[in-house]
>>> print(open('run.tsv').read())   # TSV, C-alpha atoms
chain	number	residue	atom	x	y	z
A	26	MET	CA	27.48	-40.07	-14.75
A	27	THR	CA	24.43	-41.02	-16.83
A	28	ARG	CA	22.20	-39.07	-14.44
A	29	SER	CA	24.37	-35.93	-14.75
A	30	LEU	CA	24.38	-36.24	-18.53
A	31	LEU	CA	20.58	-36.61	-18.55
A	32	LEU	CA	20.14	-33.49	-16.37
A	33	LEU	CA	22.55	-31.51	-18.55
A	34	SER	CA	20.69	-32.58	-21.70
A	35	ALA	CA	17.33	-31.60	-20.19
A	36	ALA	CA	18.69	-28.20	-19.21
A	37	ALA	CA	20.09	-27.68	-22.72
A	38	LEU	CA	16.69	-28.50	-24.22
A	39	LEU	CA	14.75	-26.21	-21.84
A	40	LEU	CA	17.04	-23.18	-22.08
A	41	PRO	CA	15.93	-22.10	-25.58
A	42	ALA	CA	12.28	-22.44	-24.55
A	43	CYS	CA	12.86	-20.14	-21.56
A	44	GLN	CA	14.66	-17.62	-23.75
A	45	ALA	CA	11.81	-17.69	-26.30
A	46	ALA	CA	9.25	-17.12	-23.55
A	47	GLU	CA	11.29	-14.18	-22.23
A	48	LYS	CA	11.50	-12.65	-25.72
A	49	SER	CA	7.77	-13.12	-26.17
A	50	ALA	CA	7.02	-11.40	-22.85
A	51	ASN	CA	9.31	-8.51	-23.73
A	52	THR	CA	7.66	-8.14	-27.13
A	53	VAL	CA	4.19	-8.04	-25.59
A	54	GLU	CA	5.33	-5.36	-23.13
A	55	GLY	CA	6.97	-3.39	-25.91
A	56	ASN	CA	3.93	-3.62	-28.19
A	57	GLY	CA	1.34	-2.95	-25.50
A	58	THR	CA	-1.08	-0.06	-25.51
A	59	ALA	CA	-0.08	3.52	-24.75
A	60	ALA	CA	2.74	3.98	-22.29
A	61	VAL	CA	1.72	4.48	-18.67
A	62	ASP	CA	2.64	7.86	-17.16
A	63	THR	CA	3.82	6.60	-13.78
A	64	ARG	CA	4.76	10.13	-12.67
A	65	GLN	CA	1.18	11.30	-13.18
A	66	ASP	CA	-0.10	8.24	-11.31
A	67	GLU	CA	2.34	8.89	-8.46
A	68	GLN	CA	1.07	12.46	-8.21
A	69	ALA	CA	-2.53	11.20	-8.14
A	70	ILE	CA	-1.65	8.87	-5.25
A	71	ARG	CA	0.09	11.71	-3.43
A	72	GLY	CA	-3.13	13.67	-3.86
A	73	GLN	CA	-5.05	10.80	-2.25
A	74	VAL	CA	-2.55	10.79	0.64
A	75	ASP	CA	-3.06	14.55	1.12
A	76	ARG	CA	-6.83	14.03	1.12
A	77	TRP	CA	-6.44	11.20	3.64
A	78	LEU	CA	-4.45	13.47	5.97
A	79	GLN	CA	-7.17	16.14	5.74
A	80	LEU	CA	-9.82	13.56	6.61
A	81	VAL	CA	-7.79	12.30	9.57
A	82	LYS	CA	-7.61	15.86	10.91
A	83	ALA	CA	-11.40	16.17	10.40
A	84	LYS	CA	-11.86	12.72	12.03
A	85	ASP	CA	-14.10	11.67	9.14
A	86	ALA	CA	-13.97	7.87	9.24
A	87	ALA	CA	-16.72	7.47	6.62
A	88	ALA	CA	-14.81	9.55	4.06
A	89	ILE	CA	-11.55	7.75	4.91
A	90	ALA	CA	-13.28	4.41	4.21
A	91	GLU	CA	-14.20	5.72	0.74
A	92	LEU	CA	-10.48	6.05	-0.04
A	93	TYR	CA	-10.29	2.25	0.10
A	94	ALA	CA	-11.40	-0.22	-2.57
A	95	GLU	CA	-14.73	-1.86	-1.76
A	96	ASP	CA	-12.84	-5.06	-0.94
A	97	GLY	CA	-9.95	-3.18	0.72
A	98	ALA	CA	-8.48	-3.98	4.11
A	99	VAL	CA	-6.90	-2.11	6.99
A	100	MET	CA	-4.54	-4.08	9.22
A	101	PRO	CA	-3.82	-2.16	12.43
A	102	PRO	CA	-1.35	-3.46	14.99
A	103	ASN	CA	-2.78	-5.44	17.89
A	104	GLY	CA	-6.22	-5.57	16.34
A	105	PRO	CA	-8.29	-7.53	13.87
A	106	ILE	CA	-8.18	-6.91	10.14
A	107	GLY	CA	-10.93	-4.64	8.87
A	108	LYS	CA	-12.19	-6.01	5.53
A	109	GLY	CA	-14.53	-3.94	3.41
A	110	ARG	CA	-15.52	-0.31	3.80
A	111	ALA	CA	-17.90	-0.77	6.75
A	112	ALA	CA	-15.20	-2.52	8.81
A	113	ILE	CA	-12.57	-0.01	7.67
A	114	GLN	CA	-14.80	2.86	8.78
A	115	LYS	CA	-15.34	1.18	12.15
A	116	THR	CA	-11.59	0.63	12.61
A	117	TRP	CA	-10.73	4.25	11.77
A	118	ALA	CA	-13.56	5.62	13.93
A	119	SER	CA	-12.32	3.57	16.86
A	120	MET	CA	-8.73	4.79	16.45
A	121	MET	CA	-9.77	8.42	16.06
A	122	GLN	CA	-11.98	8.32	19.18
A	123	THR	CA	-8.88	7.88	21.32
A	124	PRO	CA	-8.44	11.08	23.37
A	125	GLY	CA	-5.68	13.32	22.00
A	126	PHE	CA	-5.61	11.46	18.67
A	127	ASP	CA	-3.31	13.17	16.17
A	128	LEU	CA	-1.84	11.26	13.22
A	129	THR	CA	0.46	12.31	10.40
A	130	PHE	CA	2.11	10.13	7.81
A	131	VAL	CA	4.57	10.74	5.00
A	132	PRO	CA	5.18	8.59	1.94
A	133	GLU	CA	8.89	7.90	1.52
A	134	GLN	CA	8.51	5.90	-1.66
A	135	ILE	CA	5.70	5.38	-4.15
A	136	ILE	CA	6.29	2.85	-6.89
A	137	VAL	CA	3.70	2.53	-9.65
A	138	SER	CA	3.64	-0.75	-11.58
A	139	SER	CA	4.63	-0.61	-15.24
A	140	SER	CA	1.05	-1.63	-16.10
A	141	GLY	CA	-0.22	1.41	-14.20
A	142	ASP	CA	-2.90	-0.44	-12.23
A	143	MET	CA	-1.14	-1.09	-8.91
A	144	ALA	CA	1.22	0.89	-6.71
A	145	LEU	CA	3.18	0.53	-3.50
A	146	ASP	CA	3.30	3.38	-0.98
A	147	ARG	CA	5.84	2.95	1.83
A	148	GLY	CA	6.35	5.56	4.52
A	149	THR	CA	6.42	6.57	8.14
A	150	TYR	CA	3.88	7.88	10.62
A	151	ARG	CA	3.76	9.80	13.87
A	152	LEU	CA	0.87	9.25	16.26
A	153	ALA	CA	-0.01	11.16	19.42
A	154	VAL	CA	-2.74	10.07	21.83
A	155	ALA	CA	-3.63	10.91	25.42
A	156	PRO	CA	-5.72	8.08	26.89
A	157	GLY	CA	-6.68	8.92	30.45
A	158	GLY	CA	-5.07	12.34	29.95
A	159	LYS	CA	-1.58	10.81	29.71
A	160	PRO	CA	0.13	11.97	26.46
A	161	GLN	CA	1.87	9.26	24.45
A	162	THR	CA	3.72	9.42	21.16
A	163	ASP	CA	4.45	6.63	18.71
A	164	THR	CA	6.38	6.50	15.46
A	165	GLY	CA	6.25	3.69	12.97
A	166	LYS	CA	6.04	2.62	9.38
A	167	TYR	CA	3.31	1.68	6.96
A	168	VAL	CA	2.67	0.11	3.57
A	169	VAL	CA	-0.36	0.84	1.42
A	170	VAL	CA	-1.02	-1.12	-1.75
A	171	TRP	CA	-3.00	1.06	-4.14
A	172	ARG	CA	-5.17	-0.27	-6.96
A	173	LYS	CA	-6.41	1.81	-9.86
A	174	ILE	CA	-10.15	1.35	-10.22
A	175	GLY	CA	-11.44	3.18	-13.28
A	176	SER	CA	-9.53	6.45	-13.09
A	177	ASP	CA	-9.31	6.52	-9.26
A	178	TRP	CA	-6.59	5.19	-6.99
A	179	LYS	CA	-8.00	3.26	-4.02
A	180	ALA	CA	-6.22	1.66	-1.07
A	181	ALA	CA	-6.46	-2.11	-1.42
A	182	ALA	CA	-4.38	-3.02	1.63
A	183	ASP	CA	-3.12	-0.82	4.45
A	184	ILE	CA	-0.84	-2.11	7.21
A	185	PHE	CA	1.15	-0.22	9.82
A	186	ASN	CA	3.17	-0.98	12.92
A	187	SER	CA	5.11	0.76	15.65
A	188	ASP	CA	8.84	1.29	15.98
A	189	LEU	CA	8.44	0.85	19.76
A	190	PRO	CA	9.52	-2.47	21.28
A	191	ALA	CA	6.73	-4.93	22.07
A	192	GLY	CA	4.95	-3.84	25.23
A	193	GLY	CA	6.51	-0.34	24.88
>>> encode(input="run.tsv", output="structure tokens")
Amino acid sequence: MTRSLLLLSAAALLLPACQAAEKSANTVEGNGTAAVDTRQDEQAIRGQVDRWLQLVKAKDAAAIAELYAEDGAVMPPNGPIGKGRAAIQKTWASMMQTPGFDLTFVPEQIIVSSSGDMALDRGTYRLAVAPGGKPQTDTGKYVVVWRKIGSDWKAAADIFNSDLPAGG
């Protein structure tokens, strides 16, 4: 009984402190600098996605790597993480050298943070390859975390995986 009373008293003492901290956080958000135009940022990211698709068609791994932050990472399935632009370029070049390589992807959702410096891009992809002359198709999903660096949106983390069953 004493223990329960002690816990209840501690909770009663901490509750106002939590509420004050929440009010303070809301006030800071409300009094922050100019409002972020998340729609404009979303359009800028969609522009980067369109550029990325053009570069995939051109098989320009060096230019694709420039879409990533300097410390960005690509995380392909069944392969090592590529950290930094040189490794990202190598990863993309390797993928695009696969005979019959054709990749498209479509953002299904782009959410820009209220601070306007980070965003989440979630979507799907379709990949066609023909190793050894044997056509294969894969569909899957991806997530790209975008980071605003200066006035540019750069991919900070890029991960994708297949919808096919393991070994499929």
>>> atom_distance(input="run.tsv", atom1="atom CA of A:Leu92", atom2="atom CA of A:Thr123")
21.5 Å
>>> atom_distance(input="run.tsv", atom1="atom CA of A:Ala155", atom2="atom CA of A:Val168")
25.2 Å
>>> residues_near_point(input="run.tsv", point="(-2.3, 0.8, 9.0)", cutoff="9 Å", atoms="all atoms listed in the file", output="PDB file with C-alpha atoms, in the frame of the given file")
ATOM      1  CA  VAL A  99      -6.900  -2.110   6.990  1.00  0.00           C
ATOM      2  CA  MET A 100      -4.540  -4.080   9.220  1.00  0.00           C
ATOM      3  CA  PRO A 101      -3.820  -2.160  12.430  1.00  0.00           C
ATOM      4  CA  PRO A 102      -1.350  -3.460  14.990  1.00  0.00           C
ATOM      5  CA  LYS A 166       6.040   2.620   9.380  1.00  0.00           C
ATOM      6  CA  TYR A 167       3.310   1.680   6.960  1.00  0.00           C
ATOM      7  CA  VAL A 168       2.670   0.110   3.570  1.00  0.00           C
ATOM      8  CA  VAL A 169      -0.360   0.840   1.420  1.00  0.00           C
ATOM      9  CA  ALA A 182      -4.380  -3.020   1.630  1.00  0.00           C
ATOM     10  CA  ASP A 183      -3.120  -0.820   4.450  1.00  0.00           C
ATOM     11  CA  ILE A 184      -0.840  -2.110   7.210  1.00  0.00           C
ATOM     12  CA  PHE A 185       1.150  -0.220   9.820  1.00  0.00           C
ATOM     13  CA  ASN A 186       3.170  -0.980  12.920  1.00  0.00           C
TER      14      ASN A 186
END
>>> atom_distance(input="run.tsv", atom1="atom CA of A:Arg151", atom2="atom CA of A:Asp188")
10.1 Å
>>> residues_around(input="run.tsv", residues="A:Gly72", least_positions_apart="3", cutoff="12 Å", atoms="all atoms listed in the file", output="VMD selection string")
chain A and resid 65 to 69 75 to 79 92 132 177 to 179
>>> residues_around(input="run.tsv", residues="A:Ser138", least_positions_apart="2", cutoff="10 Å", atoms="only C-alpha atoms", output="list in words")
Val61, Thr63, Asp66, Ile135, Ile136, Ser140, Gly141, Asp142, Met143, Ala144, Leu145 and Arg172 of chain A
>>> closest_residue(input="run.tsv", among="A:Thr162, A:Gly157, A:Leu189, A:Val137", to="A:Arg71", atoms="all atoms listed in the file")
A:Val137
>>> closest_residue(input="run.tsv", among="A:Val81, A:Ala86, A:Ala111, A:Ala60", to="A:Phe130", atoms="all atoms listed in the file")
A:Val81
>>> closest_residue(input="run.tsv", among="A:Val74, A:Thr116, A:Gln134, A:Ile106", to="A:Ala87", atoms="only C-alpha atoms")
A:Thr116
>>> residues_around(input="run.tsv", residues="A:Ala98", least_positions_apart="3", cutoff="9 Å", atoms="all atoms listed in the file", output="list in words")
Tyr93, Ala94, Glu95, Ile106, Gly107, Lys108, Gly109, Arg110, Ala112, Ile113, Ala180, Ala181, Ala182, Asp183 and Ile184 of chain A
>>> closest_residue(input="run.tsv", among="A:Lys115, A:Arg64, A:Leu152, A:Asp146", to="A:Val170", atoms="only C-alpha atoms")
A:Asp146
>>> axis_aligned_box(input="run.tsv", around="stretch 116-120 of chain A", padding_each_side="4 Å", output="AutoDock Vina command-line options")
--center_x -11.1 --center_y 3.1 --center_z 14.3 --size_x 12.8 --size_y 13.0 --size_z 13.1
>>> closest_residue(input="run.tsv", among="A:Gly165, A:Gly175, A:Gly97, A:Pro156", to="A:Pro124", atoms="only C-alpha atoms")
A:Pro156
>>> build_atoms(input="run.tsv", residues="stretch 96-107 of chain A", atoms="all heavy atoms", output="PDB file, keeping the file's coordinate frame")
ATOM      1  N   ASP A  96     -13.338  -3.852  -1.577  1.00  0.00           N
ATOM      2  CA  ASP A  96     -12.840  -5.060  -0.940  1.00  0.00           C
ATOM      3  C   ASP A  96     -11.508  -4.819  -0.227  1.00  0.00           C
ATOM      4  O   ASP A  96     -10.771  -5.749   0.075  1.00  0.00           O
ATOM      5  CB  ASP A  96     -12.698  -6.196  -1.948  1.00  0.00           C
ATOM      6  CG  ASP A  96     -11.693  -5.877  -3.053  1.00  0.00           C
ATOM      7  OD1 ASP A  96     -11.276  -4.695  -3.194  1.00  0.00           O
ATOM      8  OD2 ASP A  96     -11.315  -6.804  -3.794  1.00  0.00           O
ATOM      9  N   GLY A  97     -11.200  -3.542   0.060  1.00  0.00           N
ATOM     10  CA  GLY A  97      -9.950  -3.180   0.720  1.00  0.00           C
ATOM     11  C   GLY A  97      -9.887  -3.682   2.151  1.00  0.00           C
ATOM     12  O   GLY A  97     -10.874  -4.166   2.714  1.00  0.00           O
ATOM     13  N   ALA A  98      -8.694  -3.523   2.740  1.00  0.00           N
ATOM     14  CA  ALA A  98      -8.480  -3.980   4.110  1.00  0.00           C
ATOM     15  C   ALA A  98      -7.525  -3.050   4.834  1.00  0.00           C
ATOM     16  O   ALA A  98      -6.563  -2.559   4.252  1.00  0.00           O
ATOM     17  CB  ALA A  98      -7.921  -5.399   4.123  1.00  0.00           C
ATOM     18  N   VAL A  99      -7.813  -2.819   6.110  1.00  0.00           N
ATOM     19  CA  VAL A  99      -6.900  -2.110   6.990  1.00  0.00           C
ATOM     20  C   VAL A  99      -6.435  -3.106   8.045  1.00  0.00           C
ATOM     21  O   VAL A  99      -7.244  -3.884   8.575  1.00  0.00           O
ATOM     22  CB  VAL A  99      -7.543  -0.842   7.623  1.00  0.00           C
ATOM     23  CG1 VAL A  99      -8.740  -1.173   8.484  1.00  0.00           C
ATOM     24  CG2 VAL A  99      -6.514  -0.038   8.404  1.00  0.00           C
ATOM     25  N   MET A 100      -5.130  -3.101   8.309  1.00  0.00           N
ATOM     26  CA  MET A 100      -4.540  -4.080   9.220  1.00  0.00           C
ATOM     27  C   MET A 100      -3.769  -3.357  10.323  1.00  0.00           C
ATOM     28  O   MET A 100      -2.553  -3.194  10.241  1.00  0.00           O
ATOM     29  CB  MET A 100      -3.645  -5.036   8.434  1.00  0.00           C
ATOM     30  CG  MET A 100      -4.432  -5.852   7.421  1.00  0.00           C
ATOM     31  SD  MET A 100      -3.414  -6.711   6.209  1.00  0.00           S
ATOM     32  CE  MET A 100      -3.271  -5.430   4.953  1.00  0.00           C
ATOM     33  N   PRO A 101      -4.488  -2.887  11.357  1.00  0.00           N
ATOM     34  CA  PRO A 101      -3.820  -2.160  12.430  1.00  0.00           C
ATOM     35  C   PRO A 101      -3.063  -3.122  13.349  1.00  0.00           C
ATOM     36  O   PRO A 101      -3.397  -4.305  13.432  1.00  0.00           O
ATOM     37  CB  PRO A 101      -4.991  -1.512  13.180  1.00  0.00           C
ATOM     38  CG  PRO A 101      -6.131  -2.442  12.971  1.00  0.00           C
ATOM     39  CD  PRO A 101      -5.932  -3.004  11.585  1.00  0.00           C
ATOM     40  N   PRO A 102      -2.064  -2.598  14.048  1.00  0.00           N
ATOM     41  CA  PRO A 102      -1.350  -3.460  14.990  1.00  0.00           C
ATOM     42  C   PRO A 102      -2.256  -3.811  16.174  1.00  0.00           C
ATOM     43  O   PRO A 102      -3.130  -3.032  16.557  1.00  0.00           O
ATOM     44  CB  PRO A 102      -0.175  -2.588  15.446  1.00  0.00           C
ATOM     45  CG  PRO A 102      -0.616  -1.186  15.203  1.00  0.00           C
ATOM     46  CD  PRO A 102      -1.563  -1.229  14.035  1.00  0.00           C
ATOM     47  N   ASN A 103      -2.062  -4.987  16.690  1.00  0.00           N
ATOM     48  CA  ASN A 103      -2.780  -5.440  17.890  1.00  0.00           C
ATOM     49  C   ASN A 103      -4.289  -5.374  17.761  1.00  0.00           C
ATOM     50  O   ASN A 103      -4.996  -5.099  18.724  1.00  0.00           O
ATOM     51  CB  ASN A 103      -2.333  -4.607  19.113  1.00  0.00           C
ATOM     52  CG  ASN A 103      -0.839  -4.600  19.272  1.00  0.00           C
ATOM     53  OD1 ASN A 103      -0.195  -5.640  19.210  1.00  0.00           O
ATOM     54  ND2 ASN A 103      -0.264  -3.425  19.426  1.00  0.00           N
ATOM     55  N   GLY A 104      -4.783  -5.586  16.559  1.00  0.00           N
ATOM     56  CA  GLY A 104      -6.220  -5.570  16.340  1.00  0.00           C
ATOM     57  C   GLY A 104      -6.585  -6.415  15.138  1.00  0.00           C
ATOM     58  O   GLY A 104      -5.720  -6.787  14.345  1.00  0.00           O
ATOM     59  N   PRO A 105      -7.860  -6.704  14.992  1.00  0.00           N
ATOM     60  CA  PRO A 105      -8.290  -7.530  13.870  1.00  0.00           C
ATOM     61  C   PRO A 105      -8.239  -6.762  12.544  1.00  0.00           C
ATOM     62  O   PRO A 105      -8.301  -5.529  12.522  1.00  0.00           O
ATOM     63  CB  PRO A 105      -9.735  -7.896  14.220  1.00  0.00           C
ATOM     64  CG  PRO A 105     -10.192  -6.772  15.092  1.00  0.00           C
ATOM     65  CD  PRO A 105      -8.971  -6.315  15.857  1.00  0.00           C
ATOM     66  N   ILE A 106      -8.149  -7.495  11.477  1.00  0.00           N
ATOM     67  CA  ILE A 106      -8.180  -6.910  10.140  1.00  0.00           C
ATOM     68  C   ILE A 106      -9.583  -6.367   9.874  1.00  0.00           C
ATOM     69  O   ILE A 106     -10.575  -6.982  10.267  1.00  0.00           O
ATOM     70  CB  ILE A 106      -7.770  -7.962   9.078  1.00  0.00           C
ATOM     71  CG1 ILE A 106      -7.648  -7.329   7.698  1.00  0.00           C
ATOM     72  CG2 ILE A 106      -8.742  -9.124   9.049  1.00  0.00           C
ATOM     73  CD1 ILE A 106      -7.028  -8.264   6.657  1.00  0.00           C
ATOM     74  N   GLY A 107      -9.652  -5.213   9.267  1.00  0.00           N
ATOM     75  CA  GLY A 107     -10.930  -4.640   8.870  1.00  0.00           C
ATOM     76  C   GLY A 107     -11.087  -4.832   7.372  1.00  0.00           C
ATOM     77  O   GLY A 107     -10.364  -4.203   6.600  1.00  0.00           O
TER      78      GLY A 107
END
